[in-house]
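To be precise, the following lines are protein-v3.txt, and they hold compact mmCIF, C-alpha atoms and all ligand atoms.
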```
# COMPACT_ATOMS: atom_id res chain seq x y z
CA MET A 93 54.33 -110.98 25.22
CA GLY A 94 56.10 -113.99 26.79
CA ASP A 95 55.60 -115.21 30.38
CA ARG A 96 58.80 -113.54 31.40
CA GLU A 97 57.76 -110.10 30.20
CA ARG A 98 54.18 -110.44 31.39
CA ASN A 99 55.23 -111.47 34.91
CA LYS A 100 57.79 -108.69 35.14
CA LYS A 101 55.08 -106.21 34.22
CA ARG A 102 52.73 -107.67 36.86
CA LEU A 103 55.46 -107.37 39.49
CA LEU A 104 56.25 -103.77 38.60
CA GLU A 105 52.54 -102.95 38.87
CA LEU A 106 52.39 -104.76 42.20
CA LEU A 107 55.21 -102.56 43.51
CA GLN A 108 53.02 -99.48 42.94
CA ALA A 109 49.68 -101.05 43.91
CA ALA A 110 47.73 -98.92 46.41
CA GLY A 111 47.23 -100.33 49.90
CA THR A 112 50.05 -102.89 49.68
CA GLY A 113 52.93 -100.89 51.17
CA ASN A 114 55.12 -102.38 48.43
CA ALA A 115 56.51 -99.01 47.31
CA TYR A 116 58.77 -98.96 50.37
CA CYS A 117 61.21 -101.58 51.65
CA ALA A 118 59.38 -103.84 54.15
CA ASP A 119 62.33 -103.67 56.54
CA CYS A 120 63.90 -100.19 56.39
CA GLY A 121 61.34 -98.10 54.51
CA ALA A 122 63.68 -97.17 51.62
CA ALA A 123 61.70 -95.98 48.59
CA ASP A 124 61.35 -98.06 45.41
CA PRO A 125 62.64 -101.46 46.53
CA ASP A 126 63.56 -103.67 43.58
CA TRP A 127 64.35 -106.90 45.37
CA ALA A 128 61.92 -109.33 46.98
CA SER A 129 61.88 -112.18 49.44
CA TYR A 130 59.70 -114.61 47.51
CA LYS A 131 59.52 -116.97 50.47
CA LEU A 132 58.09 -114.29 52.79
CA GLY A 133 56.18 -112.38 50.10
CA ILE A 134 57.72 -108.93 50.64
CA PHE A 135 59.53 -106.31 48.58
CA ILE A 136 62.82 -105.09 50.03
CA CYS A 137 65.79 -102.91 49.09
CA LEU A 138 69.15 -104.21 47.89
CA ASN A 139 70.73 -103.55 51.31
CA CYS A 140 68.15 -105.51 53.26
CA SER A 141 68.18 -108.31 50.68
CA GLY A 142 71.81 -108.88 51.69
CA VAL A 143 70.69 -109.67 55.24
CA HIS A 144 67.88 -111.97 54.04
CA ARG A 145 70.40 -114.01 52.04
CA ASN A 146 71.96 -115.13 55.34
CA PHE A 147 69.01 -117.27 56.45
CA PRO A 148 67.79 -119.20 53.39
CA ASP A 149 65.55 -121.48 55.51
CA ILE A 150 63.28 -118.53 56.18
CA SER A 151 63.86 -116.14 53.32
CA LYS A 152 64.94 -116.39 49.69
CA VAL A 153 65.60 -113.34 47.54
CA LYS A 154 65.26 -112.46 43.87
CA SER A 155 65.72 -109.28 41.89
CA VAL A 156 62.45 -107.90 40.53
CA ARG A 157 64.13 -106.72 37.35
CA LEU A 158 66.91 -109.20 36.73
CA ASP A 159 65.57 -112.60 37.77
CA PHE A 160 62.97 -114.90 36.24
CA TRP A 161 59.62 -115.08 38.03
CA ASP A 162 57.15 -117.85 37.27
CA ASP A 163 53.36 -117.51 37.61
CA SER A 164 53.04 -119.21 40.99
CA ILE A 165 55.56 -116.89 42.71
CA VAL A 166 53.98 -113.79 41.22
CA GLU A 167 50.67 -115.11 42.52
CA PHE A 168 52.21 -115.62 45.98
CA MET A 169 53.61 -112.07 46.00
CA THR A 170 50.18 -110.71 45.02
CA HIS A 171 48.49 -112.50 47.92
CA ASN A 172 51.05 -111.34 50.43
CA GLY A 173 52.89 -108.01 50.04
CA ASN A 174 54.52 -105.70 52.57
CA LEU A 175 51.57 -104.57 54.68
CA ARG A 176 50.04 -108.04 55.09
CA VAL A 177 53.33 -109.64 56.04
CA LYS A 178 54.15 -106.77 58.39
CA ALA A 179 50.86 -107.36 60.22
CA LYS A 180 52.05 -110.90 60.89
CA TYR A 181 55.73 -110.39 61.78
CA GLU A 182 55.37 -106.97 63.47
CA ALA A 183 52.19 -107.76 65.40
CA ARG A 184 53.67 -106.63 68.73
CA VAL A 185 56.86 -104.69 68.47
CA PRO A 186 57.48 -103.15 71.92
CA ALA A 187 57.12 -99.34 71.94
CA PHE A 188 60.77 -98.88 73.02
CA TYR A 189 62.18 -101.07 70.24
CA TYR A 190 64.11 -99.04 67.67
CA ILE A 191 62.79 -99.63 64.15
CA PRO A 192 65.58 -98.70 61.73
CA GLN A 193 65.16 -96.43 58.73
CA ALA A 194 66.91 -96.40 55.38
CA ASN A 195 69.78 -94.17 56.55
CA ASP A 196 70.51 -96.17 59.71
CA CYS A 197 73.59 -98.34 60.09
CA MET A 198 73.75 -101.97 58.99
CA VAL A 199 73.85 -103.58 62.46
CA LEU A 200 70.48 -102.02 63.37
CA LYS A 201 68.87 -103.22 60.15
CA GLU A 202 70.41 -106.67 60.40
CA GLN A 203 69.24 -107.25 63.98
CA TRP A 204 65.77 -105.89 63.19
CA ILE A 205 65.41 -108.29 60.26
CA ARG A 206 66.75 -111.23 62.29
CA ALA A 207 64.52 -110.40 65.27
CA LYS A 208 61.48 -110.22 62.98
CA TYR A 209 61.80 -113.26 60.72
CA GLU A 210 64.54 -115.48 62.12
CA ARG A 211 63.85 -115.19 65.86
CA GLN A 212 60.20 -114.21 65.27
CA GLU A 213 60.14 -112.02 68.37
CA PHE A 214 57.20 -109.86 67.39
CA MET A 215 54.59 -112.34 66.15
CA ALA A 216 51.22 -112.37 67.88
CA ASP A 217 51.51 -116.07 68.75
CA GLY A 218 55.26 -115.99 69.30
CA LYS A 219 56.95 -116.74 72.59
CA THR A 220 56.48 -114.05 75.22
CA ILE A 221 59.29 -111.56 75.13
CA SER A 222 60.54 -110.67 78.55
CA HIS A 223 60.77 -106.90 78.67
CA PRO A 224 64.38 -105.98 79.22
CA GLY A 225 64.84 -104.52 82.66
CA ASN A 226 68.21 -104.78 84.29
CA ARG A 227 71.19 -105.72 82.19
CA GLU A 228 74.81 -106.45 82.94
CA GLY A 229 77.74 -107.22 80.69
CA PHE A 230 81.00 -106.14 79.14
CA LEU A 231 81.44 -103.50 76.48
CA TRP A 232 84.60 -102.20 74.86
CA LYS A 233 84.88 -98.55 75.86
CA ARG A 234 87.18 -96.03 74.28
CA GLY A 235 89.60 -94.49 76.77
CA ARG A 236 88.97 -90.84 77.50
CA ASP A 237 92.53 -89.72 76.92
CA ASN A 238 93.74 -92.28 74.41
CA ALA A 239 92.20 -94.07 71.48
CA GLN A 240 92.44 -97.51 73.08
CA PHE A 241 89.28 -99.55 73.69
CA LEU A 242 89.19 -101.30 77.07
CA ARG A 243 86.81 -103.95 78.40
CA ARG A 244 84.47 -102.43 80.95
CA ARG A 245 81.61 -103.88 82.97
CA PHE A 246 78.33 -102.02 82.46
CA VAL A 247 75.28 -102.39 84.70
CA LEU A 248 71.85 -101.01 83.82
CA LEU A 249 69.40 -100.67 86.68
CA ALA A 250 66.15 -99.89 84.91
CA ARG A 251 63.92 -99.20 87.89
CA GLU A 252 66.48 -96.98 89.58
CA GLY A 253 67.06 -95.25 86.22
CA LEU A 254 70.85 -95.70 86.40
CA LEU A 255 73.63 -96.92 84.14
CA LYS A 256 76.94 -97.64 85.85
CA TYR A 257 80.28 -98.80 84.57
CA TYR A 258 83.26 -100.25 86.35
CA THR A 259 86.94 -100.16 85.46
CA LYS A 260 87.85 -103.14 87.66
CA GLU A 261 86.16 -106.45 86.86
CA GLU A 262 85.15 -107.12 90.44
CA GLY A 263 85.28 -103.52 91.61
CA LYS A 264 82.63 -102.24 93.97
CA ASP A 265 82.91 -98.56 93.13
CA PRO A 266 81.63 -97.60 89.72
CA LYS A 267 83.73 -95.26 87.59
CA ALA A 268 80.56 -93.43 86.60
CA VAL A 269 76.90 -93.45 87.65
CA ILE A 270 74.80 -92.11 84.81
CA SER A 271 71.20 -91.02 85.18
CA ILE A 272 68.86 -92.36 82.50
CA LYS A 273 67.15 -88.96 82.68
CA ASP A 274 69.94 -87.23 80.69
CA LEU A 275 71.08 -90.20 78.66
CA ASN A 276 71.07 -90.53 74.91
CA ALA A 277 72.40 -93.37 72.75
CA THR A 278 73.03 -93.27 69.02
CA PHE A 279 74.86 -95.63 66.69
CA GLN A 280 77.87 -93.80 65.21
CA THR A 281 79.66 -96.51 63.31
CA GLU A 282 81.56 -94.28 60.88
CA LYS A 283 82.77 -91.80 63.47
CA ILE A 284 83.84 -94.53 65.91
CA GLY A 285 85.29 -96.63 63.10
CA ASN A 286 83.50 -99.81 64.21
CA PRO A 287 80.41 -101.40 62.58
CA HIS A 288 78.88 -101.82 66.09
CA GLY A 289 80.00 -98.43 67.47
CA LEU A 290 77.52 -96.82 69.88
CA GLN A 291 77.80 -93.32 71.32
CA ILE A 292 76.28 -92.79 74.77
CA THR A 293 75.93 -89.21 76.00
CA TYR A 294 74.89 -87.75 79.32
CA ARG A 295 75.04 -84.46 81.14
CA ARG A 296 77.89 -83.77 83.55
CA ASP A 297 78.65 -80.40 85.17
CA GLY A 298 76.79 -78.47 82.48
CA HIS A 299 78.53 -80.31 79.66
CA ILE A 300 77.70 -83.30 77.52
CA ARG A 301 79.94 -86.28 78.23
CA ASN A 302 80.49 -88.75 75.38
CA LEU A 303 81.21 -92.45 75.83
CA PHE A 304 82.11 -94.53 72.80
CA VAL A 305 81.49 -98.27 73.11
CA TYR A 306 81.03 -101.37 71.02
CA HIS A 307 80.48 -105.11 71.41
CA GLU A 308 81.90 -107.56 68.90
CA ASN A 309 78.51 -109.27 68.69
CA GLY A 310 75.83 -107.38 66.73
CA LYS A 311 72.91 -108.79 68.73
CA GLU A 312 74.56 -107.83 72.03
CA ILE A 313 75.11 -104.18 71.12
CA VAL A 314 71.59 -103.78 69.66
CA ASP A 315 70.15 -105.49 72.77
CA TRP A 316 72.06 -102.98 74.93
CA PHE A 317 70.72 -100.14 72.83
CA ASN A 318 67.13 -101.36 73.18
CA ALA A 319 67.57 -102.03 76.91
CA LEU A 320 68.68 -98.41 77.36
CA ARG A 321 65.67 -97.35 75.29
CA ALA A 322 63.32 -99.43 77.45
CA ALA A 323 64.71 -97.79 80.59
CA ARG A 324 64.39 -94.35 78.98
CA LEU A 325 60.74 -94.97 78.06
CA GLN A 326 60.03 -96.12 81.59
CA TYR A 327 61.58 -92.90 82.91
CA LEU A 328 59.69 -90.69 80.42
CA LYS A 329 56.38 -92.28 81.39
CA MET A 330 57.06 -91.36 85.00
CA ALA A 331 58.33 -87.85 84.25
CA LEU A 332 55.60 -86.92 81.77
CA PRO A 333 52.55 -88.96 82.82
CA GLU A 334 50.16 -86.65 80.96
CA LEU A 335 51.68 -87.41 77.54
CA PRO A 336 50.50 -90.43 75.51
CA GLU A 337 53.11 -93.08 74.71
CA SER A 338 53.14 -92.11 71.02
CA GLU A 339 54.50 -88.68 71.96
CA LEU A 340 57.12 -90.14 74.30
CA VAL A 341 58.57 -92.61 71.79
CA PRO A 342 60.36 -89.95 69.65
CA LEU A 343 61.97 -88.64 72.87
CA ILE A 344 63.54 -91.97 73.90
CA THR A 345 66.79 -91.55 71.96
CA ARG A 346 67.76 -89.22 69.13
CA ASN A 347 70.18 -89.07 66.24
CA TYR A 348 72.17 -86.03 65.17
CA LEU A 349 70.59 -84.17 62.27
CA LYS A 350 74.05 -83.46 60.84
CA GLN A 351 77.70 -83.79 61.83
CA GLY A 352 80.93 -82.71 60.21
CA PHE A 353 83.88 -80.36 60.17
CA MET A 354 83.50 -76.61 59.82
CA GLU A 355 85.78 -73.74 60.78
CA LYS A 356 84.66 -71.09 63.23
CA THR A 357 85.91 -67.74 64.41
CA GLY A 358 85.38 -66.23 67.87
CA PRO A 359 82.88 -63.70 69.23
CA LYS A 360 84.77 -60.66 67.82
CA GLN A 361 84.95 -62.37 64.43
CA ARG A 362 88.52 -61.16 64.06
CA GLU A 363 89.93 -64.31 65.65
CA PRO A 364 91.56 -66.81 63.28
CA PHE A 365 89.19 -69.50 61.96
CA LYS A 366 89.75 -72.89 63.61
CA LYS A 367 88.69 -76.28 62.38
CA ARG A 368 86.19 -77.99 64.69
CA TRP A 369 83.92 -81.04 64.62
CA PHE A 370 80.24 -80.04 64.86
CA ALA A 371 77.21 -82.11 65.84
CA LEU A 372 73.65 -80.80 65.57
CA ASP A 373 71.18 -82.25 68.08
CA PRO A 374 67.77 -81.21 66.70
CA GLN A 375 65.72 -82.25 69.71
CA GLU A 376 67.78 -80.40 72.30
CA ARG A 377 68.32 -77.63 69.70
CA ARG A 378 72.03 -77.63 70.37
CA LEU A 379 75.02 -77.23 68.07
CA LEU A 380 77.94 -78.83 69.88
CA TYR A 381 81.53 -78.41 68.75
CA TYR A 382 84.64 -80.39 69.50
CA LYS A 383 88.35 -80.25 68.75
CA ASN A 384 88.15 -83.87 67.55
CA PRO A 385 85.10 -86.02 66.66
CA LEU A 386 85.71 -88.49 69.52
CA ASP A 387 86.44 -86.03 72.34
CA ALA A 388 84.91 -86.77 75.72
CA PHE A 389 83.54 -83.23 76.15
CA GLU A 390 82.51 -80.44 73.81
CA LEU A 391 84.51 -77.20 73.58
CA GLY A 392 81.30 -75.24 73.38
CA GLN A 393 77.67 -75.30 72.41
CA VAL A 394 75.24 -72.93 70.74
CA PHE A 395 71.57 -73.02 71.66
CA LEU A 396 69.32 -72.67 68.62
CA GLY A 397 66.00 -71.00 69.39
CA SER A 398 63.31 -70.45 66.78
CA ASN A 399 62.81 -67.92 63.98
CA GLU A 400 60.04 -66.34 66.07
CA GLN A 401 62.56 -65.66 68.83
CA GLY A 402 64.92 -63.91 66.41
CA TYR A 403 67.24 -66.80 65.52
CA GLN A 404 68.22 -66.88 61.86
CA VAL A 405 70.72 -68.53 59.56
CA PHE A 406 72.17 -66.81 56.50
CA GLU A 407 74.04 -68.21 53.55
CA ASP A 408 77.53 -66.67 53.37
CA LEU A 409 79.78 -64.71 55.69
CA PRO A 410 79.09 -61.17 56.86
CA LYS A 411 80.72 -58.44 54.72
CA GLY A 412 84.40 -57.93 55.39
CA ILE A 413 84.92 -61.37 57.02
CA ARG A 414 86.98 -63.98 55.24
CA GLY A 415 87.51 -67.56 56.24
CA ASN A 416 90.83 -69.31 56.52
CA ARG A 417 91.00 -72.06 53.90
CA TRP A 418 87.35 -72.51 53.06
CA LYS A 419 85.18 -70.08 51.07
CA ALA A 420 81.64 -71.47 51.49
CA GLY A 421 80.24 -70.08 54.71
CA LEU A 422 77.19 -69.41 56.82
CA THR A 423 76.17 -67.12 59.63
CA ILE A 424 73.84 -67.87 62.52
CA VAL A 425 72.33 -64.84 64.21
CA THR A 426 70.94 -65.25 67.75
CA PRO A 427 69.45 -62.45 69.89
CA HIS A 428 72.85 -62.26 71.62
CA ARG A 429 75.52 -62.61 68.94
CA ARG A 430 76.57 -63.79 65.50
CA PHE A 431 78.26 -67.13 64.82
CA VAL A 432 80.32 -67.34 61.63
CA PHE A 433 81.30 -70.69 60.08
CA THR A 434 83.02 -71.87 56.91
CA CYS A 435 82.39 -75.28 55.32
CA PRO A 436 84.78 -77.56 53.40
CA SER A 437 82.54 -77.62 50.31
CA GLU A 438 79.40 -76.06 48.85
CA LYS A 439 77.63 -79.37 49.31
CA GLU A 440 78.42 -79.31 53.04
CA GLN A 441 77.30 -75.68 53.22
CA ARG A 442 73.95 -76.57 51.62
CA GLU A 443 73.41 -79.50 53.99
CA TRP A 444 74.24 -77.42 57.07
CA LEU A 445 71.96 -74.58 55.91
CA GLU A 446 69.11 -77.00 55.34
CA SER A 447 69.61 -78.60 58.76
CA PHE A 448 69.80 -75.26 60.61
CA ARG A 449 66.71 -73.99 58.79
CA GLU A 450 64.84 -77.13 59.81
CA VAL A 451 65.67 -76.62 63.50
CA LEU A 452 65.14 -72.83 63.57
CA SER A 453 61.78 -73.04 61.77
CA SER A 454 60.30 -75.48 64.30
CA PRO A 455 58.78 -74.04 67.47
CA LEU A 456 60.21 -74.88 70.88
CA THR A 457 58.69 -77.91 72.61
CA PRO A 458 57.65 -77.85 76.28
CA LEU A 459 60.82 -79.87 77.03
CA ASN A 460 63.00 -77.25 75.25
CA LEU A 461 61.39 -74.46 77.27
CA LEU A 462 62.05 -76.34 80.48
CA ALA A 463 65.74 -76.81 79.56
CA VAL A 464 66.23 -73.21 78.41
CA SER A 465 64.90 -71.75 81.64
CA THR A 466 67.72 -73.45 83.53
CA GLU A 467 70.73 -72.36 81.46
CA SER A 468 72.08 -69.61 79.21
CA ASP A 469 72.06 -69.94 75.42
CA CYS A 470 75.75 -70.45 74.90
CA SER A 471 78.65 -71.78 76.92
CA HIS A 472 82.31 -72.20 76.10
CA ARG A 473 85.28 -73.96 77.56
ZN ZN B 1 65.67 -101.95 53.20
```
If you took the structure in this file and wrote it as structure tokens, what would it be?
Amino acid sequence: MGDRERNKKRLLELLQAAGTGNAYCADCGAADPDWASYKLGIFICLNCSGVHRNFPDISKVKSVRLDFWDDSIVEFMTHNGNLRVKAKYEARVPAFYYIPQANDCMVLKEQWIRAKYERQEFMADGKTISHPGNREGFLWKRGRDNAQFLRRRFVLLAREGLLKYYTKEEGKDPKAVISIKDLNATFQTEKIGNPHGLQITYRRDGHIRNLFVYHENGKEIVDWFNALRAARLQYLKMALPELPESELVPLITRNYLKQGFMEKTGPKQREPFKKRWFALDPQERRLLYYKNPLDAFELGQVFLGSNEQGYQVFEDLPKGIRGNRWKAGLTIVTPHRRFVFTCPSEKEQREWLESFREVLSSPLTPLNLLAVSTESDCSHR
């Protein structure tokens, strides 16, 4: 066996070696990474390797399978590896900081990788990071009644727990004052049609208001996102002082479990099926639906309790009910009524079923119970 083959075999073994963390991308956690930064000593996925290529002074990448590896680099990889390098570059990641996962958008991964290795923000001996408190700046915000993005001044007051935005540059009266208490933020780059697109939601008059914003600079928009998260964590610590930080972190912001178009009929189930955009919020246990994906307010929402409370989801439509254009369907049964949906494909149907089953099979959290006691299970506009 030549050097080339022997070293490739050593590397492939190293990827699976117990206690190294090498079986998952060092930056996004994707399984079976087959690229490596041989300057940092970590194994990463193809996606993340693309980011590493942009700062060759700090990182240099090679393919595990396609490139040539000499003895000394294989040796270096053996002595480092994902867990050891993580301990160095992720020594003190603030609790509020969002650590991206494999299915997150590119701007989150890119800024995480840059913050870690290029700016070295989280090293034990690195420069002290000032915890983001207040923040002020301009974001492009999508107009409520037209698709145009306009420059708006946003002000985050962390201690007061408020986010405000202004339509006039020097205006004194904010267009909206948003309480951090009800705020969520989630990157929605595809839906917004911008690689830095961020969706901010908050409660207004019993409905969920959506704001769609972006900043042309990737660092700026991710900094805004993490500043909002820092303010949220601060609020949660005050509101739920009995809970440890580790239980508060998953509550800071949340992503939708699934989104997409389905068609729905009305409460009598004789009404014509209409195409709507649906978004499933697993934490609040809410299925929200909209006329269009970027609407400011939902048309309606369905609260999803648990199986124990009599909530169930069934594959297919009830007997005698036929959809409009789409055949694949599903039915959600709550203690109060039936909701009948059709999906554009069997793949979509399977994904929705899986997502609903996941939500319905999990018990209500104390936060869910608190929210339920203050409103009914379904509202429509
Ligand atoms: Zn990755």
Sort by chain and increasing residue number a table of all residues of chain A within 12 Å of ligand ZN 1 (chain B), each with its closest pair of atoms and their distance in Å to one decimal, counting all atoms listed in the file, and write it as CSV.
```
residue,atom,partner,partner_atom,distance
A:Asn114,CA,B:ZN1,ZN,11.6
A:Ala115,CA,B:ZN1,ZN,11.3
A:Tyr116,CA,B:ZN1,ZN,8.0
A:Cys117,CA,B:ZN1,ZN,4.7
A:Ala118,CA,B:ZN1,ZN,6.6
A:Asp119,CA,B:ZN1,ZN,5.0
A:Cys120,CA,B:ZN1,ZN,4.1
A:Gly121,CA,B:ZN1,ZN,5.9
A:Ala122,CA,B:ZN1,ZN,5.4
A:Ala123,CA,B:ZN1,ZN,8.5
A:Asp124,CA,B:ZN1,ZN,9.7
A:Pro125,CA,B:ZN1,ZN,7.3
A:Asp126,CA,B:ZN1,ZN,10.0
A:Trp127,CA,B:ZN1,ZN,9.4
A:Ala128,CA,B:ZN1,ZN,10.4
A:Ser129,CA,B:ZN1,ZN,11.5
A:Ile134,CA,B:ZN1,ZN,10.9
A:Phe135,CA,B:ZN1,ZN,8.8
A:Ile136,CA,B:ZN1,ZN,5.3
A:Cys137,CA,B:ZN1,ZN,4.2
A:Leu138,CA,B:ZN1,ZN,6.7
A:Asn139,CA,B:ZN1,ZN,5.6
A:Cys140,CA,B:ZN1,ZN,4.3
A:Ser141,CA,B:ZN1,ZN,7.3
A:Gly142,CA,B:ZN1,ZN,9.4
A:Val143,CA,B:ZN1,ZN,9.4
A:His144,CA,B:ZN1,ZN,10.3
A:Asn174,CA,B:ZN1,ZN,11.8
A:Ile191,CA,B:ZN1,ZN,11.6
A:Pro192,CA,B:ZN1,ZN,9.1
A:Gln193,CA,B:ZN1,ZN,7.8
A:Ala194,CA,B:ZN1,ZN,6.1
A:Asn195,CA,B:ZN1,ZN,9.4
A:Asp196,CA,B:ZN1,ZN,10.0
A:Cys197,CA,B:ZN1,ZN,11.1
A:Met198,CA,B:ZN1,ZN,9.9
A:Leu200,CA,B:ZN1,ZN,11.3
A:Lys201,CA,B:ZN1,ZN,7.8
A:Glu202,CA,B:ZN1,ZN,9.8
A:Trp204,CA,B:ZN1,ZN,10.7
A:Ile205,CA,B:ZN1,ZN,9.5
```
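Excluding segment 255-262 of chain A and any residue on its chain fewer than 5 positions from it, the residues at most 9 Å away by only C-alpha atoms are Leu242, Arg243, Arg244, Arg245, Phe246, Val247, Leu248, Leu249, Ala250, Lys267, Ala268, Val269, Ile270, Ser271, Ile272 and Leu320 of chain A.
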Rounded to one decimal place, report the atom CA of Gly263 of chain A-atom CA of Leu231 of chain A distance in Å.
15.6 Å
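One finds atom CA of Leu349 of chain A at 6.7 Å from atom CA of Ser447 of chain A.
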How close does each residue of segment 296-330 of chain A get to segment 366-384 of chain A, giving the shortest atom pair and distance in Å to one decimal for every residue with an atom at most 12 Å away, counting all atoms listed in the file, sorted by chain and residue number, as a tab-separated table?
```
residue	atom	partner	partner_atom	distance
A:His299	CA	A:Leu380	CA	9.9
A:Ile300	CA	A:Leu380	CA	8.9
A:Arg301	CA	A:Leu380	CA	11.4
A:Asn302	CA	A:Tyr382	CA	11.0
```
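If all atoms listed in the file are the atoms counted, then among A:Tyr348, A:Tyr189, A:Lys283, A:Lys273 the closest residue to Met330 of chain A is A:Lys273.
Across A:Val305, A:Ile292, A:Val394, A:Ile424, the tightest approach to Gln240 of chain A is made by A:Val305 when counting all atoms listed in the file.
Taking all atoms listed in the file into account, Trp232 of chain A lies nearest to A:Leu303 out of the set A:Ala322, A:Leu303, A:Leu107, A:Leu343.
One finds atom CA of Thr278 of chain A at 21.7 Å from atom CA of Met354 of chain A.
Residues in contact with Phe147 of chain A at up to 10 Å, not including ones fewer than 3 positions away on its chain and judged by only C-alpha atoms, are Val143, His144, Ile150, Ser151, Lys152, Arg206, Tyr209 and Glu210 of chain A.
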Name all residues at most 10 Å from segment 429-446 of chain A (count all atoms listed in the file; drop same-chain ones fewer than 4 positions away) and give them as a VMD selection string.
chain A and resid 349 to 361 365 to 368 372 394 403 to 410 413 to 425 450 to 451 470
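Take the candidates A:Ala183, A:Ile313, A:Met169, A:Ala277 and check each one against Asp217 of chain A using all atoms listed in the file; the shortest distance goes to A:Ala183.
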Just the residues within 8 Å of Val177 of chain A, please, counting only C-alpha atoms, with nothing from its chain fewer than 4 positions along; format it as an NGL selection string.
:A and (132-134 or 172-173 or 181)
Those same residues - C-alpha atoms - I'd like them written as a short mmCIF file (atom, residue, chain, number, x, y, z; two decimals), in the frame of the given file.
```
data_model
loop_
_atom_site.label_atom_id
_atom_site.label_comp_id
_atom_site.auth_asym_id
_atom_site.auth_seq_id
_atom_site.Cartn_x
_atom_site.Cartn_y
_atom_site.Cartn_z
CA LEU A 132 58.09 -114.29 52.79
CA GLY A 133 56.18 -112.38 50.10
CA ILE A 134 57.72 -108.93 50.64
CA ASN A 172 51.05 -111.34 50.43
CA GLY A 173 52.89 -108.01 50.04
CA TYR A 181 55.73 -110.39 61.78
#
```
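Counting only C-alpha atoms, the residue from A:Gly310, A:Pro342, A:Gly402, A:Gly392 that sits nearest to Gln203 of chain A is A:Gly310.
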Please fill the gaps in segment 232-236 of chain A so it has all heavy atoms, and write that as a compact mmCIF listing (two decimals), keeping the file's coordinate frame.
```txt
# COMPACT_ATOMS: atom_id res chain seq x y z
N TRP A 232 83.30 -102.83 75.10
CA TRP A 232 84.60 -102.20 74.86
C TRP A 232 84.40 -100.69 74.85
O TRP A 232 83.63 -100.18 74.04
CB TRP A 232 85.19 -102.67 73.54
CG TRP A 232 85.55 -104.12 73.57
CD1 TRP A 232 84.78 -105.17 73.17
CD2 TRP A 232 86.77 -104.69 74.05
NE1 TRP A 232 85.44 -106.35 73.35
CE2 TRP A 232 86.66 -106.10 73.90
CE3 TRP A 232 87.95 -104.16 74.61
CZ2 TRP A 232 87.69 -106.97 74.28
CZ3 TRP A 232 88.97 -105.02 74.97
CH2 TRP A 232 88.84 -106.42 74.80
N LYS A 233 85.07 -100.00 75.74
CA LYS A 233 84.88 -98.55 75.86
C LYS A 233 86.17 -97.83 75.51
O LYS A 233 87.25 -98.18 75.97
CB LYS A 233 84.47 -98.22 77.31
CG LYS A 233 84.29 -96.74 77.54
CD LYS A 233 84.18 -96.42 79.02
CE LYS A 233 84.56 -94.97 79.27
NZ LYS A 233 85.97 -94.65 79.05
N ARG A 234 86.02 -96.81 74.69
CA ARG A 234 87.18 -96.03 74.28
C ARG A 234 87.69 -95.20 75.45
O ARG A 234 86.92 -94.53 76.14
CB ARG A 234 86.77 -95.09 73.14
CG ARG A 234 87.93 -94.44 72.43
CD ARG A 234 87.40 -93.56 71.31
NE ARG A 234 88.47 -93.08 70.44
CZ ARG A 234 89.15 -91.98 70.63
NH1 ARG A 234 88.89 -91.22 71.68
NH2 ARG A 234 90.09 -91.60 69.78
N GLY A 235 89.00 -95.25 75.68
CA GLY A 235 89.60 -94.49 76.77
C GLY A 235 89.42 -93.00 76.54
O GLY A 235 89.45 -92.53 75.41
N ARG A 236 89.23 -92.27 77.62
CA ARG A 236 88.97 -90.84 77.50
C ARG A 236 90.18 -90.10 76.91
O ARG A 236 90.02 -89.20 76.10
CB ARG A 236 88.64 -90.29 78.89
CG ARG A 236 88.39 -88.81 78.85
CD ARG A 236 88.09 -88.25 80.22
NE ARG A 236 88.42 -86.83 80.19
CZ ARG A 236 88.07 -85.98 81.13
NH1 ARG A 236 87.41 -86.39 82.18
NH2 ARG A 236 88.39 -84.71 81.03
```
